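J.: Take a look at this one; I'll ask things after.
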Amino acid sequence: MTFTYTASDGRRFRVRRQAVIPCVLCAAALLFGSCARQVLPPQTTLVMNTVCTINLFEAGTQELYDTIAQRLTEIDAAFNAHDPASLLSAVNAAAGTAPVRVNGDLLAVIEAALSFARLTGGAFDPSIGPLVRLWNIGSEHPRVPAPHETAAAAQLVNYQNVIVDRAAGTVFLTQKGMSLDLGGIAKGYAADEIVRILKQAQVPSALIDLGGNIYAYGKKAGGAPWKIGIKNPFDTSATPAAALSAVNKTIVTSGVYERYFIEDGVRYHHLIDPHTGYPAQNGTVSVTIAADSSLNADALSTAVFILGAQKGFELLSSAFPDTGAAIITDDRRIYMNQPFLDLLDHVSPEFAREPPQNQAHAR
């Protein structure tokens with residue numbers, strides 16, 4: 001049989017899916033060999049500048065893995081700011097000059113990113129590209145820029161100068177030198193797209209790992225939930241800081257240990273505050289978001305990190321009351337809201353577990 005996968009921009013793909021073979025035929029086939037379809041091991045690929053691993057378990061056919069890989073490649077071709085041939089690079093190159101027509105993927109994610117920018121007062125800002133390029137954290141040559149360089153780049157960061165024309169399908173950066181960087185939301189969008197494919201293919205369970213953006217889809221064989229660990233930000237090789245039980249949930253973490261460099265004994269991480277132009281310094285070392293939407297979780301993990309624990313929990317309480325969050329601070333305390341506690345299995349004894357009522361006192 002076949003199923004139809006419909007992409008977010010309206011394009012449709014037909015993928016063949018093997019039908020269920022009657023049990024009587026399987027029993028007869030035992031005399032000559034198994035009639036079961038070939039199930040492939042987890043597939044790992046390098047896309048979107050990260051290592052992506054998909055495990056479809058008993059549904060892991062070559063065709064379905066190929067469909068997912070094709071979709072990731074399409075998204076990467078639109079979103080990759082490091083590829084001069086990408087649609088995002090075309091938008092950035094035309095800053096201050098002209099609007100650029102983009103596809104449905106890029107248009108939808110830029111609109112979502114701008115919505116988060118408005119909601120967070122610019123703590124999450126997709127126009128942060130000039131600061132990301134200036135610090136160059138995560139590359140082979142990161143550096144601490146001079147104060148005048150940081151100030152100049154920060155002047156170019158303003159989400160209100162990103163103009164989206166949905167009717168025309170265009171994006172325009174009004175100021176020359178501006179650039180978009182969607183690294184804080186694109187992997188979440190990609191994970192949600194994979195989930196959409198899995199639902200259309202009626203896949204019962206899967207684990208999706210897009211460079212740390214985890215989606216626990218369905219349940220384990222036998223009906224048990226997935227167990228997801230949260231890295232200890234002080235020692236990523238140690239016992240996880242906490243563990244969750246998750247079914248159809250995405251778990252996304254932003255932390256100081258992900259991408260950073262050390263200069264003169266100071267750690268400079270990649271989570272840059274758009275308002276200051278420097279890596280955020282508010283006592284937060286790790287933010288984990290547990291949600292239904294990976295796009296939302298991706299953006300919120302960054303935004304809450306920049307806002308800090310108190311303002312971050314206030315944002316979640318008012319706008320995303322069903323979204324779980326755990327915030328680890330540099331004094332080894334872990335603050336959790338009720339939706340996170342509902343999924344919690346345990347917390348490492350290394351961390352002081354703070355009850356929800358103490359969130360207002362978090363830094």
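Starting from 1 in every chain, residues are counted up; chains themselves are A, B, ... following the order of the structure tokens, and ligands are numbered from 1 as listed.
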Can you tell me, as a VMD selection string, what residues are no more than 9 Å from Ser294 of chain A when counting only C-alpha atoms, ignoring any on the same chain fewer than 2 positions away?
T.: chain A and resid 185 187 to 192 213 to 215 249 to 252 290 to 292 296 to 299
J.: Once DSSP has gone over the backbone, tell me which residues of segment 105-336 of chain A are in helix (DSSP H, G or I), as an MDAnalysis selection string.
T.: chainID A and resid 105:119 129:135 147:154 159:161 186:200 294:307 309:319
J.: Report the distance between atom CA of Tyr335 of chain A and atom CA of Ala238 of chain A in Å, rounded to one decimal place.
T.: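 Taking atom CA of Tyr335 of chain A as the start and atom CA of Ala238 of chain A as the end point, the length is 19.8 Å.
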J.: Can you tell me how far atom CA of Asn282 of chain A sits from atom CA of Gln310 of chain A, in Å to one decimal?
T.: 10.5 Å
J.: Residues near segment 239-244 of chain A, anyone? I mean within 6 Å using only C-alpha atoms, not counting same-chain ones fewer than 2 positions away, as a list in words.
T.: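 Once the nearby chain positions are removed, what remains is Lys227, Ile228, Gly229, Ile230, Lys231, Asn232, Leu343, Leu344, Asp345, His346, Val347 and Ser348 of chain A.
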J.: Quick one: distance from atom CA of Asn92 of chain A to atom CA of Ser254 of chain A in Å, one decimal?
T.: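 Computed distance, atom CA of Asn92 of chain A to atom CA of Ser254 of chain A, equals 25.3 Å.
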J.: Would you please extract all strand (DSSP E) residues from segment 53-218 of chain A, as assigned by DSSP on the backbone, and give them as a PyMOL selection string?
T.: chain A and resi 53-55+100-101+162-165+170-173+205-210+213-218
J.: Pick out the residues sitting within 8 Å of segment 131-137 of chain A, and hand them over as a PDB file with all heavy atoms, in the first residue's frame; count only C-alpha atoms, and ignore anything fewer than 2 positions along from it in its own chain.
T.:
```pdb
ATOM      1  N   ILE A 128      19.463  37.977  15.042  1.00  0.00           N
ATOM      2  CA  ILE A 128      20.704  37.990  15.823  1.00  0.00           C
ATOM      3  C   ILE A 128      21.917  37.598  14.990  1.00  0.00           C
ATOM      4  O   ILE A 128      23.055  37.573  15.492  1.00  0.00           O
ATOM      5  CB  ILE A 128      20.564  37.056  17.045  1.00  0.00           C
ATOM      6  CG1 ILE A 128      21.603  37.410  18.122  1.00  0.00           C
ATOM      7  CG2 ILE A 128      20.654  35.583  16.619  1.00  0.00           C
ATOM      8  CD1 ILE A 128      21.362  36.728  19.452  1.00  0.00           C
ATOM      9  N   GLY A 129      21.744  37.345  13.725  1.00  0.00           N
ATOM     10  CA  GLY A 129      22.823  36.898  12.848  1.00  0.00           C
ATOM     11  C   GLY A 129      24.123  37.685  12.933  1.00  0.00           C
ATOM     12  O   GLY A 129      25.205  37.086  13.007  1.00  0.00           O
ATOM     13  N   SER A 139      32.632  27.521  15.802  1.00  0.00           N
ATOM     14  CA  SER A 139      33.518  27.352  14.650  1.00  0.00           C
ATOM     15  C   SER A 139      34.937  27.067  15.146  1.00  0.00           C
ATOM     16  O   SER A 139      35.201  26.976  16.343  1.00  0.00           O
ATOM     17  CB  SER A 139      33.515  28.620  13.795  1.00  0.00           C
ATOM     18  OG  SER A 139      34.253  29.650  14.456  1.00  0.00           O
ATOM     19  N   HIS A 141      37.317  29.138  14.836  1.00  0.00           N
ATOM     20  CA  HIS A 141      37.986  30.394  15.196  1.00  0.00           C
ATOM     21  C   HIS A 141      37.037  31.357  15.922  1.00  0.00           C
ATOM     22  O   HIS A 141      36.771  32.468  15.460  1.00  0.00           O
ATOM     23  CB  HIS A 141      38.540  31.072  13.937  1.00  0.00           C
ATOM     24  CG  HIS A 141      39.472  30.217  13.150  1.00  0.00           C
ATOM     25  ND1 HIS A 141      40.732  29.888  13.590  1.00  0.00           N
ATOM     26  CD2 HIS A 141      39.309  29.587  11.952  1.00  0.00           C
ATOM     27  CE1 HIS A 141      41.326  29.108  12.704  1.00  0.00           C
ATOM     28  NE2 HIS A 141      40.486  28.899  11.709  1.00  0.00           N
ATOM     29  N   PRO A 142      36.547  30.975  17.106  1.00  0.00           N
ATOM     30  CA  PRO A 142      35.750  31.917  17.885  1.00  0.00           C
ATOM     31  C   PRO A 142      36.641  32.993  18.479  1.00  0.00           C
ATOM     32  O   PRO A 142      37.855  32.802  18.596  1.00  0.00           O
ATOM     33  CB  PRO A 142      35.148  31.033  18.979  1.00  0.00           C
ATOM     34  CG  PRO A 142      36.182  29.964  19.177  1.00  0.00           C
ATOM     35  CD  PRO A 142      36.744  29.700  17.805  1.00  0.00           C
ATOM     36  N   ARG A 143      36.048  34.104  18.859  1.00  0.00           N
ATOM     37  CA  ARG A 143      36.847  35.165  19.460  1.00  0.00           C
ATOM     38  C   ARG A 143      35.971  36.079  20.300  1.00  0.00           C
ATOM     39  O   ARG A 143      34.755  36.149  20.105  1.00  0.00           O
ATOM     40  CB  ARG A 143      37.560  35.984  18.388  1.00  0.00           C
ATOM     41  CG  ARG A 143      36.644  36.847  17.530  1.00  0.00           C
ATOM     42  CD  ARG A 143      37.391  37.528  16.403  1.00  0.00           C
ATOM     43  NE  ARG A 143      36.543  38.433  15.627  1.00  0.00           N
ATOM     44  CZ  ARG A 143      36.437  39.735  15.856  1.00  0.00           C
ATOM     45  NH1 ARG A 143      37.136  40.298  16.853  1.00  0.00           N
ATOM     46  NH2 ARG A 143      35.654  40.493  15.111  1.00  0.00           N
ATOM     47  N   VAL A 144      36.617  36.787  21.224  1.00  0.00           N
ATOM     48  CA  VAL A 144      35.923  37.815  21.994  1.00  0.00           C
ATOM     49  C   VAL A 144      36.070  39.128  21.226  1.00  0.00           C
ATOM     50  O   VAL A 144      37.173  39.663  21.101  1.00  0.00           O
ATOM     51  CB  VAL A 144      36.519  37.954  23.406  1.00  0.00           C
ATOM     52  CG1 VAL A 144      35.791  39.062  24.174  1.00  0.00           C
ATOM     53  CG2 VAL A 144      36.428  36.631  24.158  1.00  0.00           C
ATOM     54  N   PRO A 145      34.992  39.657  20.682  1.00  0.00           N
ATOM     55  CA  PRO A 145      35.104  40.885  19.900  1.00  0.00           C
ATOM     56  C   PRO A 145      35.362  42.104  20.776  1.00  0.00           C
ATOM     57  O   PRO A 145      35.075  42.103  21.982  1.00  0.00           O
ATOM     58  CB  PRO A 145      33.750  40.989  19.205  1.00  0.00           C
ATOM     59  CG  PRO A 145      32.819  40.227  20.084  1.00  0.00           C
ATOM     60  CD  PRO A 145      33.620  39.136  20.715  1.00  0.00           C
ATOM     61  N   GLU A 149      32.966  46.648  18.323  1.00  0.00           N
ATOM     62  CA  GLU A 149      32.434  45.706  17.342  1.00  0.00           C
ATOM     63  C   GLU A 149      31.095  45.145  17.804  1.00  0.00           C
ATOM     64  O   GLU A 149      30.148  45.033  17.025  1.00  0.00           O
ATOM     65  CB  GLU A 149      33.410  44.564  17.131  1.00  0.00           C
ATOM     66  CG  GLU A 149      34.723  44.938  16.484  1.00  0.00           C
ATOM     67  CD  GLU A 149      35.640  43.727  16.363  1.00  0.00           C
ATOM     68  OE1 GLU A 149      36.091  43.212  17.410  1.00  0.00           O
ATOM     69  OE2 GLU A 149      35.881  43.283  15.215  1.00  0.00           O
ATOM     70  N   THR A 150      31.028  44.800  19.079  1.00  0.00           N
ATOM     71  CA  THR A 150      29.785  44.262  19.630  1.00  0.00           C
ATOM     72  C   THR A 150      28.668  45.285  19.547  1.00  0.00           C
ATOM     73  O   THR A 150      27.534  44.972  19.170  1.00  0.00           O
ATOM     74  CB  THR A 150      29.993  43.831  21.090  1.00  0.00           C
ATOM     75  OG1 THR A 150      31.073  42.907  21.167  1.00  0.00           O
ATOM     76  CG2 THR A 150      28.736  43.193  21.654  1.00  0.00           C
ATOM     77  N   ALA A 153      27.448  45.603  15.919  1.00  0.00           N
ATOM     78  CA  ALA A 153      26.643  44.453  15.494  1.00  0.00           C
ATOM     79  C   ALA A 153      25.277  44.470  16.160  1.00  0.00           C
ATOM     80  O   ALA A 153      24.253  44.144  15.537  1.00  0.00           O
ATOM     81  CB  ALA A 153      27.371  43.154  15.801  1.00  0.00           C
ATOM     82  N   ALA A 154      25.237  44.843  17.446  1.00  0.00           N
ATOM     83  CA  ALA A 154      23.975  44.870  18.177  1.00  0.00           C
ATOM     84  C   ALA A 154      22.997  45.880  17.584  1.00  0.00           C
ATOM     85  O   ALA A 154      21.777  45.694  17.673  1.00  0.00           O
ATOM     86  CB  ALA A 154      24.229  45.184  19.651  1.00  0.00           C
ATOM     87  N   VAL A 157      20.601  44.292  15.162  1.00  0.00           N
ATOM     88  CA  VAL A 157      19.695  43.256  15.675  1.00  0.00           C
ATOM     89  C   VAL A 157      18.396  43.921  16.115  1.00  0.00           C
ATOM     90  O   VAL A 157      18.350  44.611  17.130  1.00  0.00           O
ATOM     91  CB  VAL A 157      20.338  42.486  16.845  1.00  0.00           C
ATOM     92  CG1 VAL A 157      19.369  41.447  17.398  1.00  0.00           C
ATOM     93  CG2 VAL A 157      21.634  41.830  16.394  1.00  0.00           C
ATOM     94  N   ASP A 181      19.361  34.424  11.726  1.00  0.00           N
ATOM     95  CA  ASP A 181      19.928  33.146  12.133  1.00  0.00           C
ATOM     96  C   ASP A 181      18.816  32.384  12.840  1.00  0.00           C
ATOM     97  O   ASP A 181      18.330  32.820  13.883  1.00  0.00           O
ATOM     98  CB  ASP A 181      21.127  33.342  13.066  1.00  0.00           C
ATOM     99  CG  ASP A 181      21.851  32.035  13.350  1.00  0.00           C
ATOM    100  OD1 ASP A 181      21.227  31.155  13.991  1.00  0.00           O
ATOM    101  OD2 ASP A 181      23.011  31.885  12.956  1.00  0.00           O
ATOM    102  N   ARG A 259      28.010  24.663  23.070  1.00  0.00           N
ATOM    103  CA  ARG A 259      29.025  25.278  22.201  1.00  0.00           C
ATOM    104  C   ARG A 259      29.631  26.447  22.969  1.00  0.00           C
ATOM    105  O   ARG A 259      28.907  27.367  23.386  1.00  0.00           O
ATOM    106  CB  ARG A 259      28.407  25.761  20.875  1.00  0.00           C
ATOM    107  CG  ARG A 259      27.860  24.636  20.025  1.00  0.00           C
ATOM    108  CD  ARG A 259      27.577  25.091  18.594  1.00  0.00           C
ATOM    109  NE  ARG A 259      26.620  26.187  18.521  1.00  0.00           N
ATOM    110  CZ  ARG A 259      25.306  26.033  18.522  1.00  0.00           C
ATOM    111  NH1 ARG A 259      24.784  24.833  18.647  1.00  0.00           N
ATOM    112  NH2 ARG A 259      24.496  27.073  18.432  1.00  0.00           N
ATOM    113  N   TYR A 260      30.927  26.431  23.133  1.00  0.00           N
ATOM    114  CA  TYR A 260      31.586  27.469  23.919  1.00  0.00           C
ATOM    115  C   TYR A 260      33.081  27.473  23.611  1.00  0.00           C
ATOM    116  O   TYR A 260      33.616  26.570  22.976  1.00  0.00           O
ATOM    117  CB  TYR A 260      31.360  27.234  25.417  1.00  0.00           C
ATOM    118  CG  TYR A 260      32.030  25.990  25.949  1.00  0.00           C
ATOM    119  CD1 TYR A 260      33.323  26.037  26.475  1.00  0.00           C
ATOM    120  CD2 TYR A 260      31.392  24.751  25.902  1.00  0.00           C
ATOM    121  CE1 TYR A 260      33.956  24.891  26.949  1.00  0.00           C
ATOM    122  CE2 TYR A 260      32.012  23.609  26.376  1.00  0.00           C
ATOM    123  CZ  TYR A 260      33.288  23.680  26.886  1.00  0.00           C
ATOM    124  OH  TYR A 260      33.911  22.554  27.339  1.00  0.00           O
ATOM    125  N   PHE A 261      33.744  28.507  24.079  1.00  0.00           N
ATOM    126  CA  PHE A 261      35.212  28.517  24.085  1.00  0.00           C
ATOM    127  C   PHE A 261      35.659  29.230  25.354  1.00  0.00           C
ATOM    128  O   PHE A 261      34.870  29.935  26.002  1.00  0.00           O
ATOM    129  CB  PHE A 261      35.772  29.186  22.830  1.00  0.00           C
ATOM    130  CG  PHE A 261      35.577  30.684  22.755  1.00  0.00           C
ATOM    131  CD1 PHE A 261      36.625  31.554  23.057  1.00  0.00           C
ATOM    132  CD2 PHE A 261      34.360  31.217  22.358  1.00  0.00           C
ATOM    133  CE1 PHE A 261      36.447  32.928  22.976  1.00  0.00           C
ATOM    134  CE2 PHE A 261      34.175  32.590  22.275  1.00  0.00           C
ATOM    135  CZ  PHE A 261      35.214  33.447  22.579  1.00  0.00           C
ATOM    136  N   HIS A 269      29.798  31.122  26.087  1.00  0.00           N
ATOM    137  CA  HIS A 269      28.901  30.168  25.436  1.00  0.00           C
ATOM    138  C   HIS A 269      28.135  30.839  24.296  1.00  0.00           C
ATOM    139  O   HIS A 269      28.191  32.063  24.123  1.00  0.00           O
ATOM    140  CB  HIS A 269      27.946  29.554  26.463  1.00  0.00           C
ATOM    141  CG  HIS A 269      27.098  30.556  27.189  1.00  0.00           C
ATOM    142  ND1 HIS A 269      25.981  31.131  26.630  1.00  0.00           N
ATOM    143  CD2 HIS A 269      27.215  31.087  28.436  1.00  0.00           C
ATOM    144  CE1 HIS A 269      25.433  31.963  27.485  1.00  0.00           C
ATOM    145  NE2 HIS A 269      26.163  31.963  28.593  1.00  0.00           N
ATOM    146  N   HIS A 270      27.401  30.028  23.549  1.00  0.00           N
ATOM    147  CA  HIS A 270      26.794  30.499  22.313  1.00  0.00           C
ATOM    148  C   HIS A 270      25.435  31.170  22.493  1.00  0.00           C
ATOM    149  O   HIS A 270      24.882  31.705  21.523  1.00  0.00           O
ATOM    150  CB  HIS A 270      26.618  29.324  21.344  1.00  0.00           C
ATOM    151  CG  HIS A 270      25.477  28.417  21.702  1.00  0.00           C
ATOM    152  ND1 HIS A 270      25.483  27.626  22.835  1.00  0.00           N
ATOM    153  CD2 HIS A 270      24.294  28.177  21.101  1.00  0.00           C
ATOM    154  CE1 HIS A 270      24.355  26.932  22.888  1.00  0.00           C
ATOM    155  NE2 HIS A 270      23.613  27.248  21.857  1.00  0.00           N
ATOM    156  N   ILE A 272      23.671  34.010  23.124  1.00  0.00           N
ATOM    157  CA  ILE A 272      23.947  35.446  23.182  1.00  0.00           C
ATOM    158  C   ILE A 272      22.670  36.223  23.480  1.00  0.00           C
ATOM    159  O   ILE A 272      21.618  35.993  22.870  1.00  0.00           O
ATOM    160  CB  ILE A 272      24.573  35.921  21.858  1.00  0.00           C
ATOM    161  CG1 ILE A 272      25.917  35.214  21.651  1.00  0.00           C
ATOM    162  CG2 ILE A 272      24.751  37.434  21.853  1.00  0.00           C
ATOM    163  CD1 ILE A 272      26.546  35.491  20.305  1.00  0.00           C
ATOM    164  N   PRO A 274      20.492  39.186  22.915  1.00  0.00           N
ATOM    165  CA  PRO A 274      20.390  40.209  21.867  1.00  0.00           C
ATOM    166  C   PRO A 274      20.456  41.634  22.403  1.00  0.00           C
ATOM    167  O   PRO A 274      20.840  42.552  21.668  1.00  0.00           O
ATOM    168  CB  PRO A 274      19.018  39.929  21.232  1.00  0.00           C
ATOM    169  CG  PRO A 274      18.714  38.512  21.569  1.00  0.00           C
ATOM    170  CD  PRO A 274      19.315  38.288  22.923  1.00  0.00           C
ATOM    171  N   GLY A 277      24.507  41.918  23.507  1.00  0.00           N
ATOM    172  CA  GLY A 277      25.505  41.512  22.520  1.00  0.00           C
ATOM    173  C   GLY A 277      26.514  40.518  23.050  1.00  0.00           C
ATOM    174  O   GLY A 277      27.443  40.124  22.334  1.00  0.00           O
TER     175      GLY A 277
END
```
J.: List the spatial neighbours of Thr174 of chain A as a ChimeraX atom specification - criterion: any atom at most 8 Å away, only C-alpha atoms, same-chain residues fewer than 4 positions off excluded.
T.: /A:95-97,161-163,178
J.: Restricting the calculation to only C-alpha atoms: of A:Pro279, A:Leu106, A:Gly324, A:Thr120, which residue gets closest to Lys311 of chain A?
T.: A:Thr120
J.: Write out as a list in words the residues lying within 6 Å of segment 40-52 of chain A, counting only C-alpha atoms and excluding same-chain residues fewer than 4 positions away.
T.: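 Counting only C-alpha atoms, the residues come to Gly60, Thr61, Asp76, Asp209, Leu210 and Gly211 of chain A.
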